[in-house]
Amino acid sequence: MKYTPVLLCSLLLMLVGKAQEAPISLEYYLPSNVNYDPDIPKPAEVIGHEVGEWHVTHDKLMFYMQTLAKESERITLENRGSTFEGRPILLLTVTSPKNHGNLENIRKNHLSLTEDGATGLNTAQMPIVVYQGFSIHGNEPSGSNAALAYAYYLAAAQGAEIEAKLDNMIILLDPSFNPDGLQRFAYWANTNKAIQLNPDPNDREYSEVWPGGRTNHYWFDMNRDWLPVQLPESRARIETFHNWMPNILTDHHEMGTNSTFFFQPGEPSRVHPLTPKINQELTAEIGTYHAKALDAIGSLYYSEENYDDYYYGKGSTFPDVNGSIGILFEQGSSRGHVQESENGLLTFPFTIRNQFATALSTIEAAANMRTKILDYQRNYYQTIKAEGAKSKTKAYIFGDAKDVNRTWHLAEILNRHKISFHELANDATINGKQYQQGASYVVPLNQKNPRLIKAIFEKRTSFTDSLFYDVSAWTLPLAFNLDYSETTSLSNAGPKVTNFEPVKGSITKKSNYAYLFEWHEYYTPKALHAITKKGLRAKVAKSPFNIEGKTYDYGTIMVPVQNQALDDQELYQFLSKVAMESRITITGVGTGLTQGIDLGSNDFDPVKEQHVALLVGDGIRSYDAGEIWHLFDTRYQMVLTKLDTRDLNRADLSRYTDIIVPSGWGNGMLSAANTDKIKTWVKNGGTVIGYRNAANWLQKNEFTNFELKKDTLIAKNISFGQKRAFLGAQVTGGAIFEATIDRSHPINFGYAGNKISLFRNTNIYIKPDKDSYNNPIQYTSNPLQSGYISEENSELIKNSVPFKTNRLGRGRVIIFTDNTNFRAFWYGTNKLLMNAIFFGDMM
């Protein structure tokens, strides 16, 4: 489906220029052949400026939506929670007053389309449900600003056409997917706006300060969180999605200033195999309505290029595995109020109008294709229900007896997606893996959406295309570093889990000698931090031992009772609180005599309170930094100082035990003076921890020395037209690889097995050290578990090492070539960073 032939392009370019000269007024966006209810307030009457005159702040957007809900019988407003910064996560439900009076019955009847017995439902009498969401990236603001005009239209438009649409449609309108990011960007654009608008791309208005407004509070790209659902905004919208199971979900974005407008379908060869072909056919048919709407206002556009439908964690793709139709819109961005572009002056109002036009064309398509799309949803669930019943695989089992919290958090994701799971009936060994009752779950495939379950659990290593817009793998049990198995029967399934409660921590008894807890559980770093912060002495075991009938592994933490800042009763009460808040079991013991190292052994090293800093600011990737900040702040409740690269020259580094350097933009992340300052700090006893391409920076500046494995790839018989695909095929955009681990090394404390799954999205391959004990984490000879890697890089990664450490003076340099904290859902390797923090001096 191509709508941009050369002759049409020339004509539309002239029309674009004329369109962008239009004065700013609400009428610029609205259909001219419609009457509007004078009792419905226009946006300017509430927010104090016309749509597109200024960038709307989230508070003004909220005030206007609240006003519409009060004044219009067509709209109800729901606050579904709060962002990290305390902003409401709003949802407008828009339909006819008659439907509002029967909304819960409509919702239940609509959900019946996805359940057993749906064949008897009459879709001709059912409303279609459309979820329209705007500006999940805060600095792509034309969507949320268009939501002002669009919500006004839905509330105020009069006539038989709009009334018929609302009689047969439920619109779930999410005016800002990302309230915190939108607010941040609106501040930037508005504070840099001049009375005399300046379209010069070099003007400060078009170059945000770090980290920019794209992300939420912790600098996450929330358009990657629809499947993992780790963030409050994501959890609100996923709850809405599953409560309604919308037929169409739209996601309004922006792209580069020199681009035009994109709508799906995307690249035909980059669709996930679990998405049915008819989904893309319906998407293409809906696209004809977008084309007609954009033709009418002279706007250039394209489709079936650049963007894909592969990763189910994106807003425009997640619906496709749920019997819905996800649609991505990408508008060329003015990034401010007006900017020069290849297509002439690109004004903010023009970008808003295109988003408004396609919001209208979406409901036009929904109205005209209503029964066809409703039937598609019903047929989708009937088809996949049959697939689940016929599948040779009947269930997935996952768990880890040593870490019930990681197991619980994966089950939490399933629970958010309304996927049923069962307790394990009895201890079981499946394919050589041991599963313990009470620490494992069984997920039957014979339930509502087996394809969603497959998307979560499957490993996939073969692809029809070698280019990916996002990651090529996300297998969640591997992300959580959990054992999991496919089974051909449900004999291991115990009772269905109906009361899903968090893991509870406890202390076994009061002791007058010592308390112990193994390091395996996910929240043990939280516990250890609380203990050391309190000024209590704690030690870590460098060897296993057995005491009072229980075996303790490498990394076990011991807290002696005597010679502490608290007396024995106070210590017991404090540790009881720590155990409960950290969801772990702390065991009191009455003797120091063990089988193995005794509790007074020199093989117990003291652990001190750590004071950690994180480099942020210019030169640092905000995504990587935000993931680390979020981990410390929300999971482990550890204070983390964010050191801005601009202020590093005057910072007192002696305050910190550790400085984390996330991945950055090239080898010149810091000035020579600041680089020398950090090196001196390391030599004086500090630990620097570098991630991904920070490894190159550390080597270039002689913090460390290692040898890279490099390819000798040369393009042969590759035409210029094939260059992009050739180079793109060498990108490792996100795949999962297996490594072996030496559990006696402190970096691996807390891991029960000798294998680990790592997420990788770099092509940095370090050769192993000649001394095997210096390779505590090493990729196997056949490491790919799930995802795409080119043949050339597949050879390079074999037996390479993703971790390296060395001394520098009295300090330590630690390198991770992979991201151990990816997108907040890679629970399985978070412990590696914590081990580097707490046990770095031992390495």
# chains A, B, ... in the order shown; residues from 1 in each chain; ligands from 1
>>> residues_around(residues="Gly332 (chain A)", least_positions_apart="3", cutoff="10 Å", atoms="only C-alpha atoms", output="MDAnalysis selection string")
chainID A and resid 140 142 253:262 301 335 341 343 346 350:351 354
>>> residues_around(residues="region 742-750 of chain A", least_positions_apart="2", cutoff="8 Å", atoms="only C-alpha atoms", output="compact mmCIF listing (two decimals) with all heavy atoms, in the first residue's frame")
# COMPACT_ATOMS: atom_id res chain seq x y z
N GLU A 518 20.86 -16.46 53.42
CA GLU A 518 21.52 -16.68 52.13
C GLU A 518 21.29 -15.48 51.22
O GLU A 518 20.34 -14.72 51.37
CB GLU A 518 21.01 -17.96 51.46
CG GLU A 518 21.52 -19.23 52.12
CD GLU A 518 21.27 -20.44 51.25
OE1 GLU A 518 20.12 -20.89 51.20
OE2 GLU A 518 22.24 -20.94 50.64
N TRP A 519 22.18 -15.34 50.23
CA TRP A 519 22.18 -14.17 49.36
C TRP A 519 21.32 -14.38 48.11
O TRP A 519 21.23 -13.52 47.25
CB TRP A 519 23.62 -13.85 48.96
CG TRP A 519 23.86 -12.55 48.28
CD1 TRP A 519 24.35 -12.35 47.02
CD2 TRP A 519 23.66 -11.23 48.83
NE1 TRP A 519 24.46 -11.01 46.73
CE2 TRP A 519 24.04 -10.29 47.83
CE3 TRP A 519 23.18 -10.75 50.04
CZ2 TRP A 519 23.97 -8.91 48.03
CZ3 TRP A 519 23.10 -9.37 50.24
CH2 TRP A 519 23.49 -8.47 49.25
N HIS A 520 20.61 -15.51 48.03
CA HIS A 520 19.90 -15.85 46.79
C HIS A 520 18.69 -14.97 46.53
O HIS A 520 18.40 -14.63 45.38
CB HIS A 520 19.45 -17.32 46.82
CG HIS A 520 20.58 -18.29 46.85
ND1 HIS A 520 21.38 -18.54 45.77
CD2 HIS A 520 21.06 -19.07 47.86
CE1 HIS A 520 22.29 -19.43 46.09
NE2 HIS A 520 22.12 -19.77 47.35
N GLU A 521 17.94 -14.64 47.55
CA GLU A 521 16.68 -13.93 47.35
C GLU A 521 16.90 -12.55 46.72
O GLU A 521 17.89 -11.86 47.00
CB GLU A 521 15.93 -13.77 48.67
CG GLU A 521 15.22 -15.03 49.13
CD GLU A 521 13.96 -15.33 48.31
OE1 GLU A 521 13.58 -14.50 47.46
OE2 GLU A 521 13.38 -16.40 48.52
N LYS A 542 32.64 -16.53 52.10
CA LYS A 542 33.27 -16.79 50.80
C LYS A 542 33.26 -18.28 50.45
O LYS A 542 33.72 -18.65 49.36
CB LYS A 542 34.71 -16.26 50.81
CG LYS A 542 34.79 -14.74 50.93
CD LYS A 542 36.20 -14.22 50.75
CE LYS A 542 37.08 -14.56 51.93
NZ LYS A 542 38.43 -13.94 51.81
N SER A 543 32.72 -19.09 51.35
CA SER A 543 32.63 -20.53 51.11
C SER A 543 31.31 -21.05 51.68
O SER A 543 30.76 -20.46 52.61
CB SER A 543 33.80 -21.27 51.76
OG SER A 543 35.03 -20.82 51.25
N ASP A 553 25.05 -21.24 51.23
CA ASP A 553 25.82 -21.15 49.99
C ASP A 553 26.83 -20.00 50.06
O ASP A 553 26.87 -19.21 51.01
CB ASP A 553 24.86 -20.94 48.82
CG ASP A 553 25.42 -21.44 47.50
OD1 ASP A 553 26.62 -21.79 47.45
OD2 ASP A 553 24.66 -21.48 46.52
N TYR A 554 27.64 -19.90 49.00
CA TYR A 554 28.51 -18.74 48.83
C TYR A 554 27.67 -17.45 49.00
O TYR A 554 26.56 -17.35 48.50
CB TYR A 554 29.10 -18.70 47.43
CG TYR A 554 30.03 -19.83 47.07
CD1 TYR A 554 29.59 -20.89 46.28
CD2 TYR A 554 31.35 -19.83 47.52
CE1 TYR A 554 30.44 -21.93 45.92
CE2 TYR A 554 32.21 -20.87 47.17
CZ TYR A 554 31.75 -21.92 46.38
OH TYR A 554 32.61 -22.94 46.03
N GLY A 555 28.24 -16.46 49.66
CA GLY A 555 27.58 -15.18 49.78
C GLY A 555 26.62 -15.06 50.95
O GLY A 555 25.94 -14.03 51.08
N THR A 740 28.30 -19.38 31.33
CA THR A 740 28.62 -20.18 32.51
C THR A 740 29.20 -19.26 33.57
O THR A 740 29.82 -18.24 33.27
CB THR A 740 29.65 -21.27 32.18
OG1 THR A 740 30.84 -20.66 31.66
CG2 THR A 740 29.09 -22.24 31.16
N ALA A 752 22.30 -19.83 42.11
CA ALA A 752 22.28 -21.23 42.54
C ALA A 752 22.84 -22.18 41.49
O ALA A 752 23.41 -23.22 41.82
CB ALA A 752 20.86 -21.64 42.91
N GLY A 753 22.68 -21.86 40.22
CA GLY A 753 23.14 -22.75 39.16
C GLY A 753 24.45 -22.28 38.57
O GLY A 753 24.99 -21.24 38.95
N ASN A 754 24.95 -23.03 37.60
CA ASN A 754 26.22 -22.66 36.97
C ASN A 754 26.03 -22.00 35.62
O ASN A 754 26.99 -21.82 34.86
CB ASN A 754 27.13 -23.89 36.83
CG ASN A 754 26.53 -24.96 35.93
OD1 ASN A 754 25.40 -24.82 35.45
ND2 ASN A 754 27.27 -26.04 35.72
N ASN A 775 37.90 -15.31 34.65
CA ASN A 775 36.74 -15.35 33.74
C ASN A 775 35.54 -15.93 34.47
O ASN A 775 35.03 -16.98 34.09
CB ASN A 775 37.07 -16.19 32.51
CG ASN A 775 38.31 -15.73 31.79
OD1 ASN A 775 38.49 -14.53 31.55
ND2 ASN A 775 39.18 -16.66 31.43
N PRO A 776 35.06 -15.26 35.53
CA PRO A 776 33.96 -15.85 36.32
C PRO A 776 32.63 -15.89 35.60
O PRO A 776 31.73 -16.62 36.00
CB PRO A 776 33.89 -14.94 37.54
CG PRO A 776 34.44 -13.63 37.06
CD PRO A 776 35.52 -13.98 36.09
N ILE A 777 32.49 -15.07 34.53
CA ILE A 777 31.30 -15.15 33.67
C ILE A 777 31.83 -15.28 32.24
O ILE A 777 32.59 -14.42 31.78
CB ILE A 777 30.41 -13.91 33.79
CG1 ILE A 777 30.05 -13.62 35.25
CG2 ILE A 777 29.13 -14.08 32.96
CD1 ILE A 777 29.26 -12.33 35.45
N LYS A 831 21.25 -8.70 40.47
CA LYS A 831 22.14 -9.08 41.57
C LYS A 831 23.61 -8.88 41.20
O LYS A 831 24.45 -8.65 42.08
CB LYS A 831 21.86 -10.54 41.96
CG LYS A 831 22.57 -11.04 43.21
CD LYS A 831 22.09 -10.38 44.48
CE LYS A 831 20.69 -10.74 44.85
NZ LYS A 831 20.45 -12.13 45.25
N LEU A 832 23.95 -8.97 39.90
CA LEU A 832 25.34 -8.78 39.50
C LEU A 832 25.84 -7.40 39.88
O LEU A 832 26.96 -7.23 40.38
CB LEU A 832 25.50 -9.02 37.99
CG LEU A 832 25.26 -10.44 37.49
CD1 LEU A 832 25.36 -10.50 35.97
CD2 LEU A 832 26.24 -11.43 38.13
N ASN A 835 26.27 -7.21 43.62
CA ASN A 835 27.49 -7.90 44.04
C ASN A 835 28.72 -7.02 43.80
O ASN A 835 29.65 -7.00 44.62
CB ASN A 835 27.64 -9.22 43.29
CG ASN A 835 26.64 -10.25 43.75
OD1 ASN A 835 25.98 -10.09 44.77
ND2 ASN A 835 26.51 -11.33 42.99
N ALA A 836 28.73 -6.32 42.68
CA ALA A 836 29.85 -5.41 42.40
C ALA A 836 29.91 -4.30 43.44
O ALA A 836 31.00 -3.88 43.84
CB ALA A 836 29.70 -4.83 41.00
N PHE A 839 30.51 -6.32 47.21
CA PHE A 839 31.64 -7.25 47.33
C PHE A 839 32.80 -6.91 46.39
O PHE A 839 33.69 -7.73 46.18
CB PHE A 839 31.17 -8.69 47.07
CG PHE A 839 29.92 -9.07 47.80
CD1 PHE A 839 28.89 -9.74 47.16
CD2 PHE A 839 29.75 -8.75 49.15
CE1 PHE A 839 27.73 -10.11 47.83
CE2 PHE A 839 28.59 -9.10 49.83
CZ PHE A 839 27.58 -9.77 49.17
N GLY A 840 32.77 -5.71 45.82
CA GLY A 840 33.81 -5.34 44.86
C GLY A 840 35.21 -5.42 45.43
O GLY A 840 36.16 -5.81 44.72
N MET A 842 36.42 -7.54 47.30
CA MET A 842 36.86 -8.93 47.41
C MET A 842 37.30 -9.52 46.07
O MET A 842 37.81 -10.64 46.03
CB MET A 842 35.72 -9.79 47.98
CG MET A 842 35.25 -9.39 49.35
SD MET A 842 33.64 -10.15 49.78
CE MET A 842 34.01 -11.88 49.53
N MET A 843 37.09 -8.78 45.00
CA MET A 843 37.31 -9.37 43.67
C MET A 843 38.77 -9.22 43.23
O MET A 843 39.14 -8.32 42.54
CB MET A 843 36.35 -8.72 42.67
CG MET A 843 34.89 -8.99 43.02
SD MET A 843 33.75 -8.21 41.85
CE MET A 843 32.20 -8.45 42.69
>>> residues_around(residues="Asp375 (chain A)", least_positions_apart="3", cutoff="12 Å", atoms="only C-alpha atoms", output="list of chain:residue names")
A:His110, A:Leu113, A:Thr114, A:Ala118, A:Thr119, A:Gly120, A:Leu121, A:Asn122, A:Thr123, A:Ala124, A:Gln125, A:Met126, A:Pro127, A:Ile128, A:Asn247, A:Ile278, A:Asn279, A:Leu282, A:Gly323, A:Ser324, A:Met369, A:Arg370, A:Thr371, A:Lys372, A:Arg378, A:Asn379, A:Tyr380, A:Tyr381, A:Gln382
>>> select_by_dssp(residues="region 279-443 of chain A", states="strand (DSSP E or B)", output="MDAnalysis selection string")
chainID A and resid 302 309 325:332 338:341 344:347 395:399 422:424 428:430 433:435 440:443
>>> residues_around(residues="Glu738 (chain A)", least_positions_apart="4", cutoff="8 Å", atoms="only C-alpha atoms", output="CSV table (one decimal) with N, CA, C and O atoms, in the first residue's frame")
chain,number,residue,atom,x,y,z
A,755,LYS,N,24.8,-21.6,35.3
A,755,LYS,CA,24.5,-20.9,34.0
A,755,LYS,C,23.7,-19.7,34.3
A,755,LYS,O,22.9,-19.6,35.4
A,756,ILE,N,23.8,-18.7,33.5
A,756,ILE,CA,23.0,-17.5,33.6
A,756,ILE,C,22.6,-17.0,32.2
A,756,ILE,O,23.4,-17.2,31.3
A,757,SER,N,21.5,-16.3,32.1
A,757,SER,CA,21.0,-15.7,30.9
A,757,SER,C,21.3,-14.2,30.9
A,757,SER,O,20.8,-13.5,31.9
A,758,LEU,N,21.9,-13.7,29.9
A,758,LEU,CA,22.3,-12.3,29.8
A,758,LEU,C,21.6,-11.6,28.7
A,758,LEU,O,21.5,-12.2,27.6
A,779,TYR,N,30.7,-16.6,28.2
A,779,TYR,CA,29.7,-17.1,27.2
A,779,TYR,C,30.1,-18.5,26.8
A,779,TYR,O,31.3,-18.8,26.7
A,780,THR,N,29.1,-19.3,26.6
A,780,THR,CA,29.3,-20.7,26.2
A,780,THR,C,29.7,-20.7,24.7
A,780,THR,O,29.8,-19.7,24.0
A,782,ASN,N,28.0,-22.1,22.4
A,782,ASN,CA,26.8,-21.9,21.6
A,782,ASN,C,25.8,-21.1,22.4
A,782,ASN,O,24.8,-21.7,22.9
A,783,PRO,N,26.0,-19.8,22.6
A,783,PRO,CA,25.3,-19.1,23.6
A,783,PRO,C,23.9,-18.6,23.3
A,783,PRO,O,23.2,-18.2,24.2
A,784,LEU,N,23.6,-18.5,22.0
A,784,LEU,CA,22.3,-17.8,21.7
A,784,LEU,C,21.1,-18.7,22.2
A,784,LEU,O,21.0,-19.8,21.9
A,785,GLN,N,20.3,-18.0,23.1
A,785,GLN,CA,19.1,-18.7,23.6
A,785,GLN,C,17.9,-18.2,22.9
A,785,GLN,O,17.0,-19.0,22.7
>>> residues_around(residues="region 558-572 of chain A", least_positions_apart="6", cutoff="7 Å", atoms="only C-alpha atoms", output="PyMOL selection string")
chain A and resi 510+512-517+535-540
